[in-house]
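**Student:** One file is attached below, target.cif, containing mmCIF, C-alpha atoms; chains and numbers go by the auth columns.
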data_final
#
loop_
_atom_site.group_PDB
_atom_site.id
_atom_site.type_symbol
_atom_site.label_atom_id
_atom_site.label_comp_id
_atom_site.label_asym_id
_atom_site.label_seq_id
_atom_site.Cartn_x
_atom_site.Cartn_y
_atom_site.Cartn_z
_atom_site.B_iso_or_equiv
_atom_site.auth_seq_id
_atom_site.auth_asym_id
ATOM 1 C CA MET A 1 0.000 0.000 0.000 0.00 231 Y
ATOM 2 C CA LEU A 2 2.868 2.363 0.790 0.00 232 Y
ATOM 3 C CA PHE A 3 4.356 1.684 -2.660 0.00 233 Y
ATOM 4 C CA LEU A 4 1.026 2.548 -4.364 0.00 234 Y
ATOM 5 C CA SER A 5 0.674 5.785 -2.391 0.00 235 Y
ATOM 6 C CA CYS A 6 4.163 6.919 -3.376 0.00 236 Y
ATOM 7 C CA SER A 7 3.456 6.048 -7.011 0.00 237 Y
ATOM 8 C CA MET A 8 0.232 8.056 -6.971 0.00 238 Y
ATOM 9 C CA CYS A 9 2.073 10.991 -5.389 0.00 239 Y
ATOM 10 C CA ALA A 10 4.743 10.915 -8.080 0.00 240 Y
ATOM 11 C CA PHE A 11 2.098 10.600 -10.800 0.00 241 Y
ATOM 12 C CA SER A 12 0.172 13.567 -9.404 0.00 242 Y
ATOM 13 C CA GLN A 13 3.322 15.654 -9.165 0.00 243 Y
ATOM 14 C CA THR A 14 4.148 14.919 -12.815 0.00 244 Y
ATOM 15 C CA TYR A 15 0.714 16.166 -13.866 0.00 245 Y
ATOM 16 C CA LYS A 16 1.222 19.285 -11.779 0.00 246 Y
ATOM 17 C CA ASP A 17 4.665 19.815 -13.286 0.00 247 Y
ATOM 18 C CA TYR A 18 3.230 19.893 -16.788 0.00 248 Y
ATOM 19 C CA VAL A 19 0.471 22.283 -15.749 0.00 249 Y
ATOM 20 C CA ASP A 20 2.921 24.588 -13.956 0.00 250 Y
ATOM 21 C CA ARG A 21 5.235 24.520 -16.942 0.00 251 Y
ATOM 22 C CA GLY A 22 2.362 25.349 -19.285 0.00 252 Y
ATOM 23 C CA MET A 23 1.267 28.281 -17.140 0.00 253 Y
ATOM 24 C CA ALA A 24 4.808 29.662 -17.055 0.00 254 Y
ATOM 25 C CA GLN A 25 5.086 29.295 -20.834 0.00 255 Y
ATOM 26 C CA LEU A 26 1.724 31.017 -21.232 0.00 256 Y
ATOM 27 C CA GLU A 27 2.924 33.963 -19.172 0.00 257 Y
ATOM 28 C CA HIS A 28 5.866 34.352 -21.552 0.00 258 Y
ATOM 29 C CA ASP A 29 3.648 34.044 -24.659 0.00 259 Y
ATOM 30 C CA SER A 30 5.235 30.727 -25.620 0.00 260 Y
ATOM 31 C CA LEU A 31 1.868 29.593 -26.904 0.00 261 Y
ATOM 32 C CA THR A 32 2.832 26.468 -28.858 0.00 262 Y
ATOM 33 C CA GLU A 33 4.919 25.164 -25.970 0.00 263 Y
ATOM 34 C CA ALA A 34 2.180 25.935 -23.436 0.00 264 Y
ATOM 35 C CA GLU A 35 -0.420 24.070 -25.471 0.00 265 Y
ATOM 36 C CA ALA A 36 1.908 21.059 -25.699 0.00 266 Y
ATOM 37 C CA SER A 37 2.477 21.086 -21.924 0.00 267 Y
ATOM 38 C CA PHE A 38 -1.241 21.211 -21.181 0.00 268 Y
ATOM 39 C CA ARG A 39 -1.857 18.326 -23.554 0.00 269 Y
ATOM 40 C CA GLN A 40 0.885 16.285 -21.895 0.00 270 Y
ATOM 41 C CA ALA A 41 -0.767 16.862 -18.521 0.00 271 Y
ATOM 42 C CA MET A 42 -4.125 15.666 -19.852 0.00 272 Y
ATOM 43 C CA LEU A 43 -2.549 12.580 -21.408 0.00 273 Y
ATOM 44 C CA LEU A 44 -1.336 11.572 -17.962 0.00 274 Y
ATOM 45 C CA SER A 45 -4.766 11.963 -16.386 0.00 275 Y
ATOM 46 C CA PRO A 46 -7.525 12.465 -18.960 0.00 276 Y
ATOM 47 C CA ALA A 47 -10.477 12.049 -16.572 0.00 277 Y
ATOM 48 C CA LEU A 48 -9.618 14.845 -14.131 0.00 278 Y
ATOM 49 C CA LYS A 49 -12.332 17.505 -13.875 0.00 279 Y
ATOM 50 C CA SER A 50 -9.603 20.127 -13.573 0.00 280 Y
ATOM 51 C CA ASN A 51 -8.763 19.421 -17.227 0.00 281 Y
ATOM 52 C CA ALA A 52 -11.713 21.688 -18.041 0.00 282 Y
ATOM 53 C CA LEU A 53 -9.466 24.621 -17.142 0.00 283 Y
ATOM 54 C CA LEU A 54 -6.699 23.248 -19.367 0.00 284 Y
ATOM 55 C CA PHE A 55 -9.154 22.968 -22.259 0.00 285 Y
ATOM 56 C CA ARG A 56 -10.023 26.609 -21.642 0.00 286 Y
ATOM 57 C CA HIS A 57 -6.362 27.642 -21.808 0.00 287 Y
ATOM 58 C CA ILE A 58 -5.885 25.601 -24.971 0.00 288 Y
ATOM 59 C CA GLY A 59 -8.987 27.166 -26.517 0.00 289 Y
ATOM 60 C CA GLN A 60 -7.692 30.650 -25.748 0.00 290 Y
ATOM 61 C CA ILE A 61 -4.338 29.759 -27.313 0.00 291 Y
ATOM 62 C CA GLN A 62 -6.108 28.458 -30.406 0.00 292 Y
ATOM 63 C CA GLU A 63 -8.101 31.681 -30.677 0.00 293 Y
ATOM 64 C CA ARG A 64 -4.933 33.755 -30.403 0.00 294 Y
ATOM 65 C CA THR A 65 -3.310 31.689 -33.150 0.00 295 Y
ATOM 66 C CA GLY A 66 -6.263 31.959 -35.528 0.00 296 Y
ATOM 67 C CA ARG A 67 -7.758 28.489 -35.035 0.00 297 Y
ATOM 68 C CA SER A 68 -11.321 29.429 -34.155 0.00 298 Y
ATOM 69 C CA GLN A 69 -13.001 26.112 -34.966 0.00 299 Y
ATOM 70 C CA GLU A 70 -10.435 24.201 -32.921 0.00 300 Y
ATOM 71 C CA ALA A 71 -11.023 26.628 -30.061 0.00 301 Y
ATOM 72 C CA LEU A 72 -14.760 25.913 -30.161 0.00 302 Y
ATOM 73 C CA GLU A 73 -14.000 22.199 -29.929 0.00 303 Y
ATOM 74 C CA SER A 74 -11.684 22.753 -26.954 0.00 304 Y
ATOM 75 C CA TYR A 75 -14.241 24.865 -25.092 0.00 305 Y
ATOM 76 C CA SER A 76 -16.874 22.200 -25.769 0.00 306 Y
ATOM 77 C CA LEU A 77 -14.603 19.425 -24.485 0.00 307 Y
ATOM 78 C CA GLY A 78 -14.004 21.461 -21.339 0.00 308 Y
ATOM 79 C CA LEU A 79 -17.738 21.962 -20.866 0.00 309 Y
ATOM 80 C CA ASN A 80 -18.295 18.219 -21.275 0.00 310 Y
ATOM 81 C CA LEU A 81 -16.098 17.777 -18.207 0.00 311 Y
ATOM 82 C CA SER A 82 -17.521 20.734 -16.300 0.00 312 Y
ATOM 83 C CA PRO A 83 -20.814 22.059 -17.746 0.00 313 Y
ATOM 84 C CA THR A 84 -21.205 24.801 -15.143 0.00 314 Y
ATOM 85 C CA THR A 85 -17.821 26.503 -15.567 0.00 315 Y
ATOM 86 C CA LEU A 86 -18.750 30.131 -16.267 0.00 316 Y
ATOM 87 C CA GLY A 87 -15.427 31.042 -17.849 0.00 317 Y
ATOM 88 C CA LEU A 88 -15.750 28.312 -20.463 0.00 318 Y
ATOM 89 C CA LEU A 89 -19.351 29.247 -21.246 0.00 319 Y
ATOM 90 C CA LEU A 90 -18.432 32.912 -21.605 0.00 320 Y
ATOM 91 C CA ASP A 91 -15.423 32.161 -23.804 0.00 321 Y
ATOM 92 C CA ARG A 92 -17.444 29.941 -26.106 0.00 322 Y
ATOM 93 C CA ALA A 93 -20.336 32.418 -26.222 0.00 323 Y
ATOM 94 C CA SER A 94 -17.971 35.234 -27.133 0.00 324 Y
ATOM 95 C CA LEU A 95 -16.359 33.177 -29.885 0.00 325 Y
ATOM 96 C CA TYR A 96 -19.745 32.138 -31.287 0.00 326 Y
ATOM 97 C CA TYR A 97 -20.698 35.826 -31.333 0.00 327 Y
ATOM 98 C CA ARG A 98 -17.544 36.841 -33.203 0.00 328 Y
ATOM 99 C CA LEU A 99 -18.133 34.029 -35.708 0.00 329 Y
ATOM 100 C CA GLY A 100 -21.659 35.303 -36.348 0.00 330 Y
ATOM 101 C CA ASN A 101 -23.426 32.334 -34.766 0.00 331 Y
ATOM 102 C CA GLU A 102 -26.010 34.289 -32.774 0.00 332 Y
ATOM 103 C CA PRO A 103 -28.269 31.359 -31.730 0.00 333 Y
ATOM 104 C CA HIS A 104 -25.406 29.386 -30.187 0.00 334 Y
ATOM 105 C CA ALA A 105 -23.998 32.499 -28.501 0.00 335 Y
ATOM 106 C CA ILE A 106 -27.418 33.255 -27.008 0.00 336 Y
ATOM 107 C CA SER A 107 -27.691 29.650 -25.817 0.00 337 Y
ATOM 108 C CA ASP A 108 -24.380 29.892 -23.949 0.00 338 Y
ATOM 109 C CA TYR A 109 -25.200 33.292 -22.438 0.00 339 Y
ATOM 110 C CA THR A 110 -28.536 31.808 -21.324 0.00 340 Y
ATOM 111 C CA SER A 111 -26.661 28.953 -19.634 0.00 341 Y
ATOM 112 C CA VAL A 112 -24.558 31.532 -17.790 0.00 342 Y
ATOM 113 C CA LEU A 113 -27.698 33.371 -16.675 0.00 343 Y
ATOM 114 C CA ASP A 114 -29.279 30.107 -15.527 0.00 344 Y
ATOM 115 C CA LEU A 115 -26.321 29.822 -13.168 0.00 345 Y
ATOM 116 C CA ASN A 116 -26.194 33.504 -12.230 0.00 346 Y
ATOM 117 C CA ALA A 117 -29.269 35.548 -13.160 0.00 347 Y
ATOM 118 C CA ASP A 118 -27.454 38.830 -12.476 0.00 348 Y
ATOM 119 C CA HIS A 119 -24.359 38.195 -14.590 0.00 349 Y
ATOM 120 C CA GLN A 120 -23.906 41.570 -16.249 0.00 350 Y
ATOM 121 C CA GLU A 121 -21.721 40.548 -19.187 0.00 351 Y
ATOM 122 C CA ALA A 122 -24.144 37.805 -20.180 0.00 352 Y
ATOM 123 C CA LEU A 123 -27.148 40.124 -19.840 0.00 353 Y
ATOM 124 C CA PHE A 124 -25.520 42.812 -21.973 0.00 354 Y
ATOM 125 C CA PHE A 125 -24.383 40.579 -24.811 0.00 355 Y
ATOM 126 C CA ARG A 126 -27.579 38.525 -24.885 0.00 356 Y
ATOM 127 C CA ALA A 127 -29.588 41.749 -25.120 0.00 357 Y
ATOM 128 C CA TYR A 128 -27.371 42.978 -27.948 0.00 358 Y
ATOM 129 C CA LEU A 129 -27.756 39.680 -29.808 0.00 359 Y
ATOM 130 C CA TYR A 130 -31.509 39.664 -29.320 0.00 360 Y
ATOM 131 C CA VAL A 131 -31.615 43.110 -30.962 0.00 361 Y
ATOM 132 C CA ARG A 132 -29.622 41.765 -33.915 0.00 362 Y
ATOM 133 C CA MET A 133 -32.133 38.946 -34.232 0.00 363 Y
ATOM 134 C CA ARG A 134 -35.032 41.437 -33.921 0.00 364 Y
ATOM 135 C CA ASP A 135 -36.285 39.797 -30.748 0.00 365 Y
ATOM 136 C CA TYR A 136 -36.973 43.169 -29.193 0.00 366 Y
ATOM 137 C CA LYS A 137 -39.150 41.944 -26.323 0.00 367 Y
ATOM 138 C CA ARG A 138 -36.427 39.699 -24.905 0.00 368 Y
ATOM 139 C CA ALA A 139 -33.745 42.318 -25.575 0.00 369 Y
ATOM 140 C CA ARG A 140 -35.727 44.901 -23.613 0.00 370 Y
ATOM 141 C CA ALA A 141 -36.135 42.531 -20.680 0.00 371 Y
ATOM 142 C CA ASP A 142 -32.373 41.968 -20.502 0.00 372 Y
ATOM 143 C CA TYR A 143 -31.538 45.674 -20.757 0.00 373 Y
ATOM 144 C CA ASP A 144 -34.126 46.497 -18.082 0.00 374 Y
ATOM 145 C CA HIS A 145 -32.682 43.814 -15.799 0.00 375 Y
ATOM 146 C CA LEU A 146 -29.147 45.077 -16.364 0.00 376 Y
ATOM 147 C CA LEU A 147 -30.111 48.702 -15.702 0.00 377 Y
ATOM 148 C CA LYS A 148 -31.794 47.729 -12.442 0.00 378 Y
ATOM 149 C CA LEU A 149 -28.438 46.301 -11.373 0.00 379 Y
ATOM 150 C CA GLN A 150 -26.436 49.251 -12.697 0.00 380 Y
ATOM 151 C CA PRO A 151 -28.699 52.242 -13.542 0.00 381 Y
ATOM 152 C CA LEU A 152 -25.933 54.429 -15.017 0.00 382 Y
ATOM 153 C CA ARG A 153 -24.230 51.780 -17.137 0.00 383 Y
ATOM 154 C CA GLU A 154 -23.556 53.712 -20.328 0.00 384 Y
ATOM 155 C CA ASP A 155 -23.404 50.906 -22.885 0.00 385 Y
ATOM 156 C CA ALA A 156 -26.683 49.457 -21.582 0.00 386 Y
ATOM 157 C CA LEU A 157 -28.374 52.874 -21.781 0.00 387 Y
ATOM 158 C CA GLN A 158 -27.043 53.238 -25.318 0.00 388 Y
ATOM 159 C CA GLY A 159 -28.246 49.757 -26.221 0.00 389 Y
ATOM 160 C CA LEU A 160 -31.752 50.463 -24.913 0.00 390 Y
ATOM 161 C CA CYS A 161 -31.820 53.755 -26.813 0.00 391 Y
ATOM 162 C CA ILE A 162 -30.855 52.030 -30.069 0.00 392 Y
ATOM 163 C CA LEU A 163 -33.382 49.274 -29.364 0.00 393 Y
ATOM 164 C CA ASN A 164 -36.143 51.876 -29.123 0.00 394 Y
ATOM 165 C CA THR A 165 -35.197 53.377 -32.477 0.00 395 Y
ATOM 166 C CA LYS A 166 -35.461 49.929 -34.060 0.00 396 Y
ATOM 167 C CA ASP A 167 -38.667 49.102 -32.185 0.00 397 Y
ATOM 168 C CA ASN A 168 -40.406 52.226 -33.537 0.00 398 Y
ATOM 169 C CA ARG A 169 -40.313 54.152 -30.260 0.00 399 Y
ATOM 170 C CA PRO A 170 -38.602 57.383 -31.354 0.00 400 Y
ATOM 171 C CA ARG A 171 -39.922 59.460 -28.459 0.00 401 Y
ATOM 172 C CA GLU A 172 -38.482 57.096 -25.847 0.00 402 Y
ATOM 173 C CA ALA A 173 -35.258 56.845 -27.829 0.00 403 Y
ATOM 174 C CA MET A 174 -34.883 60.635 -27.886 0.00 404 Y
ATOM 175 C CA GLU A 175 -35.580 60.903 -24.161 0.00 405 Y
ATOM 176 C CA GLN A 176 -32.888 58.319 -23.484 0.00 406 Y
ATOM 177 C CA ALA A 177 -30.414 60.027 -25.826 0.00 407 Y
ATOM 178 C CA ASN A 178 -30.978 63.328 -24.023 0.00 408 Y
ATOM 179 C CA ASN A 179 -30.498 61.563 -20.700 0.00 409 Y
ATOM 180 C CA LEU A 180 -27.244 59.979 -21.903 0.00 410 Y
ATOM 181 C CA ILE A 181 -25.864 63.360 -22.940 0.00 411 Y
ATOM 182 C CA GLN A 182 -26.861 64.870 -19.617 0.00 412 Y
ATOM 183 C CA ILE A 183 -25.059 62.113 -17.700 0.00 413 Y
ATOM 184 C CA TYR A 184 -22.068 61.805 -20.079 0.00 414 Y
ATOM 185 C CA PRO A 185 -21.750 65.228 -21.772 0.00 415 Y
ATOM 186 C CA ASN A 186 -18.228 64.615 -23.092 0.00 416 Y
ATOM 187 C CA HIS A 187 -18.799 61.266 -24.808 0.00 417 Y
ATOM 188 C CA ALA A 188 -18.951 61.643 -28.572 0.00 418 Y
ATOM 189 C CA VAL A 189 -20.933 58.490 -29.296 0.00 419 Y
ATOM 190 C CA ASN A 190 -23.960 59.786 -27.380 0.00 420 Y
ATOM 191 C CA TYR A 191 -24.183 62.843 -29.642 0.00 421 Y
ATOM 192 C CA ALA A 192 -23.832 60.561 -32.656 0.00 422 Y
ATOM 193 C CA ILE A 193 -26.697 58.392 -31.383 0.00 423 Y
ATOM 194 C CA ARG A 194 -28.937 61.425 -30.872 0.00 424 Y
ATOM 195 C CA GLY A 195 -27.886 62.793 -34.247 0.00 425 Y
ATOM 196 C CA GLY A 196 -28.923 59.520 -35.848 0.00 426 Y
ATOM 197 C CA ILE A 197 -32.392 59.733 -34.297 0.00 427 Y
ATOM 198 C CA GLU A 198 -32.761 63.326 -35.508 0.00 428 Y
ATOM 199 C CA LEU A 199 -31.491 62.372 -38.947 0.00 429 Y
ATOM 200 C CA GLU A 200 -34.171 59.710 -39.356 0.00 430 Y
ATOM 201 C CA SER A 201 -36.759 62.332 -38.373 0.00 431 Y
ATOM 202 C CA LYS A 202 -35.333 64.605 -41.101 0.00 432 Y
ATOM 203 C CA GLN A 203 -34.261 67.214 -38.556 0.00 433 Y
ATOM 204 C CA TYR A 204 -31.079 67.801 -40.506 0.00 434 Y
ATOM 205 C CA GLU A 205 -29.857 71.054 -38.951 0.00 435 Y
ATOM 206 C CA VAL A 206 -30.315 69.745 -35.412 0.00 436 Y
ATOM 207 C CA ALA A 207 -28.665 66.460 -36.364 0.00 437 Y
ATOM 208 C CA LEU A 208 -25.729 68.323 -37.891 0.00 438 Y
ATOM 209 C CA TYR A 209 -25.182 70.146 -34.606 0.00 439 Y
ATOM 210 C CA ASP A 210 -24.888 66.810 -32.788 0.00 440 Y
ATOM 211 C CA PHE A 211 -22.581 65.309 -35.423 0.00 441 Y
ATOM 212 C CA ASP A 212 -20.377 68.419 -35.260 0.00 442 Y
ATOM 213 C CA LYS A 213 -20.163 67.949 -31.507 0.00 443 Y
ATOM 214 C CA ALA A 214 -19.332 64.266 -31.905 0.00 444 Y
ATOM 215 C CA VAL A 215 -16.500 65.050 -34.328 0.00 445 Y
ATOM 216 C CA GLU A 216 -15.240 67.800 -32.027 0.00 446 Y
ATOM 217 C CA LEU A 217 -15.104 65.418 -29.053 0.00 447 Y
ATOM 218 C CA ASP A 218 -13.563 62.503 -30.972 0.00 448 Y
ATOM 219 C CA PRO A 219 -11.880 63.871 -34.120 0.00 449 Y
ATOM 220 C CA SER A 220 -9.811 60.745 -34.781 0.00 450 Y
ATOM 221 C CA ASN A 221 -12.820 58.421 -34.864 0.00 451 Y
ATOM 222 C CA PRO A 222 -13.805 57.724 -38.493 0.00 452 Y
ATOM 223 C CA ASP A 223 -17.326 56.645 -37.478 0.00 453 Y
ATOM 224 C CA MET A 224 -18.119 60.178 -36.327 0.00 454 Y
ATOM 225 C CA LEU A 225 -17.058 61.551 -39.694 0.00 455 Y
ATOM 226 C CA LEU A 226 -19.058 58.937 -41.575 0.00 456 Y
ATOM 227 C CA SER A 227 -22.154 59.873 -39.605 0.00 457 Y
ATOM 228 C CA ARG A 228 -21.691 63.568 -40.365 0.00 458 Y
ATOM 229 C CA ALA A 229 -21.009 62.780 -44.022 0.00 459 Y
ATOM 230 C CA ASP A 230 -24.330 60.950 -44.171 0.00 460 Y
ATOM 231 C CA CYS A 231 -26.037 64.031 -42.769 0.00 461 Y
ATOM 232 C CA TYR A 232 -24.278 66.312 -45.268 0.00 462 Y
ATOM 233 C CA THR A 233 -25.330 63.997 -48.094 0.00 463 Y
ATOM 234 C CA ARG A 234 -28.994 64.184 -47.112 0.00 464 Y
ATOM 235 C CA MET A 235 -28.668 67.966 -46.894 0.00 465 Y
ATOM 236 C CA LYS A 236 -27.232 67.992 -50.461 0.00 466 Y
ATOM 237 C CA LYS A 237 -23.955 69.429 -49.152 0.00 467 Y
ATOM 238 C CA LYS A 238 -21.770 67.288 -51.367 0.00 468 Y
ATOM 239 C CA LYS A 239 -18.486 69.142 -50.891 0.00 469 Y
ATOM 240 C CA GLN A 240 -18.597 68.831 -47.110 0.00 470 Y
ATOM 241 C CA ALA A 241 -19.672 65.177 -47.364 0.00 471 Y
ATOM 242 C CA ARG A 242 -16.737 64.324 -49.643 0.00 472 Y
ATOM 243 C CA LYS A 243 -14.320 66.058 -47.293 0.00 473 Y
ATOM 244 C CA ASP A 244 -15.555 64.044 -44.305 0.00 474 Y
ATOM 245 C CA LEU A 245 -15.456 60.792 -46.260 0.00 475 Y
ATOM 246 C CA GLN A 246 -11.906 61.419 -47.406 0.00 476 Y
ATOM 247 C CA GLN A 247 -10.798 62.206 -43.860 0.00 477 Y
ATOM 248 C CA ALA A 248 -12.600 59.134 -42.523 0.00 478 Y
ATOM 249 C CA LEU A 249 -10.759 57.013 -45.092 0.00 479 Y
ATOM 250 C CA GLU A 250 -7.423 58.433 -43.959 0.00 480 Y
ATOM 251 C CA LEU A 251 -8.347 57.536 -40.369 0.00 481 Y
ATOM 252 C CA GLY A 252 -8.996 53.889 -41.280 0.00 482 Y
ATOM 253 C CA ALA A 253 -12.662 53.731 -42.246 0.00 483 Y
ATOM 254 C CA ASP A 254 -13.798 50.709 -44.250 0.00 484 Y
ATOM 255 C CA ARG A 255 -12.974 51.412 -47.894 0.00 485 Y
ATOM 256 C CA GLN A 256 -16.069 49.679 -49.214 0.00 486 Y
ATOM 257 C CA VAL A 257 -18.349 51.710 -46.942 0.00 487 Y
ATOM 258 C CA VAL A 258 -16.659 54.947 -48.018 0.00 488 Y
ATOM 259 C CA ALA A 259 -16.874 53.974 -51.685 0.00 489 Y
ATOM 260 C CA GLU A 260 -20.601 53.275 -51.394 0.00 490 Y
ATOM 261 C CA MET A 261 -21.173 56.593 -49.648 0.00 491 Y
ATOM 262 C CA MET A 262 -19.109 58.412 -52.269 0.00 492 Y
ATOM 263 C CA GLN A 263 -21.226 56.785 -54.973 0.00 493 Y
ATOM 264 C CA ALA A 264 -24.391 58.059 -53.298 0.00 494 Y
ATOM 265 C CA ILE A 265 -23.124 61.647 -53.563 0.00 495 Y
ATOM 266 C CA LYS A 266 -22.686 61.533 -57.340 0.00 496 Y
#
Would you encode the structure as structure tokens?
**Tutor:**
Amino acid sequence: MLFLSCSMCAFSQTYKDYVDRGMAQLEHDSLTEAEASFRQAMLLSPALKSNALLFRHIGQIQERTGRSQEALESYSLGLNLSPTTLGLLLDRASLYYRLGNEPHAISDYTSVLDLNADHQEALFFRAYLYVRMRDYKRARADYDHLLKLQPLREDALQGLCILNTKDNRPREAMEQANNLIQIYPNHAVNYAIRGGIELESKQYEVALYDFDKAVELDPSNPDMLLSRADCYTRMKKKKQARKDLQQALELGADRQVVAEMMQAIK
């Protein structure tokens, strides 16, 4: 019996050695080596529940090295071992979202919220995804829940404002945009959001004021210039629109978007 205990101790220490080595390699961005160390550890003891964490590390390495599908498989293998590990669920949900798989991302965020109904990251991203899928009722419920937890959370207030514009509630959207600017008067995006609401209502001069303010507050952000260019275009101010589009392009705006907007001016 003593011999077996010593053997188990040595075996366990070898597993730990590989894990420790992998973590040290990870800290030094030696990603290939770290992945190999984690795999060696799991080969020694494949049934350990703690391997769920190693699958998470491997999945993160695979994401960083451009292997998204392999990362999904690793996160799923980790969740097979430990279905209630929040970190794994959140990592897989985030990757599904970036890959454009909204239903699977929503499913994982829902699993997180089944475990922790007040998880703010899961509430925010599920609400955002519901908006993308035009499920406005569920999106509103998540934003309302999140804002009860954190009433001044800016991105949630912005999300609810945008939701109301899409859900044909312009009055509520404008009230929320005004509230955002009152709370965060130096944040360019809030002026751009309000400008967008005014633009859709054909209040061009008022919208232009807000877009001017947005550009003033964040002059290096190409999105602010694109928004103002759109306003100039609708006002038939082609020269000003072209100038903003050219500047936005120089600041890194998407060339295809700029080209399409340029075409609309002609």
**Student:** Report, in Å to a single decimal, how far apart CA of Leu318 in chain Y and CA of Ile288 in chain Y are.
**Tutor:**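 Computing the Euclidean distance for CA of Ile288 in chain Y and CA of Leu318 in chain Y yields 11.2 Å.
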**Student:** Can you pull out the residues contacting range 373-381 of chain Y? Cut-off 7 Å, using only C-alpha atoms, and skip same-chain residues under 4 positions away; I want them as a VMD selection string.
**Tutor:** chain Y and resid 350 353 to 354 357 369 386 390
**Student:** Residues within 12 Å of Asp259 in chain Y, please, as a list in words. Count all atoms listed in the file; anything in the same chain fewer than 6 positions from it doesn't count.
**Tutor:**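 My list of contacting residues is Gly252, Met253, Glu265, Gln290, Ile291, Arg294 and Thr295 of chain Y.
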**Student:** Just say which residues the PyMOL selection byres ((chain Y and resi 444-448) around 12) picks in this file, as an NGL selection string.
**Tutor:** :Y and (411 or 414-426 or 437-443 or 449-459 or 474 or 477-478 or 481)
**Student:** Restricting it to C-alpha atoms, dump the selection as a compact mmCIF listing (two decimals), in the frame of the given file.
**Tutor:**
# COMPACT_ATOMS: atom_id res chain seq x y z
CA ILE Y 411 -25.86 63.36 -22.94
CA TYR Y 414 -22.07 61.80 -20.08
CA PRO Y 415 -21.75 65.23 -21.77
CA ASN Y 416 -18.23 64.61 -23.09
CA HIS Y 417 -18.80 61.27 -24.81
CA ALA Y 418 -18.95 61.64 -28.57
CA VAL Y 419 -20.93 58.49 -29.30
CA ASN Y 420 -23.96 59.79 -27.38
CA TYR Y 421 -24.18 62.84 -29.64
CA ALA Y 422 -23.83 60.56 -32.66
CA ILE Y 423 -26.70 58.39 -31.38
CA ARG Y 424 -28.94 61.42 -30.87
CA GLY Y 425 -27.89 62.79 -34.25
CA GLY Y 426 -28.92 59.52 -35.85
CA ALA Y 437 -28.66 66.46 -36.36
CA LEU Y 438 -25.73 68.32 -37.89
CA TYR Y 439 -25.18 70.15 -34.61
CA ASP Y 440 -24.89 66.81 -32.79
CA PHE Y 441 -22.58 65.31 -35.42
CA ASP Y 442 -20.38 68.42 -35.26
CA LYS Y 443 -20.16 67.95 -31.51
CA PRO Y 449 -11.88 63.87 -34.12
CA SER Y 450 -9.81 60.74 -34.78
CA ASN Y 451 -12.82 58.42 -34.86
CA PRO Y 452 -13.80 57.72 -38.49
CA ASP Y 453 -17.33 56.64 -37.48
CA MET Y 454 -18.12 60.18 -36.33
CA LEU Y 455 -17.06 61.55 -39.69
CA LEU Y 456 -19.06 58.94 -41.58
CA SER Y 457 -22.15 59.87 -39.60
CA ARG Y 458 -21.69 63.57 -40.36
CA ALA Y 459 -21.01 62.78 -44.02
CA ASP Y 474 -15.56 64.04 -44.30
CA GLN Y 477 -10.80 62.21 -43.86
CA ALA Y 478 -12.60 59.13 -42.52
CA LEU Y 481 -8.35 57.54 -40.37
**Student:** Determine the residue set returned by the PyMOL selection byres ((chain Y and resi 285) around 10) for the present structure, and present it as a count of residues only.
**Tutor:** 25
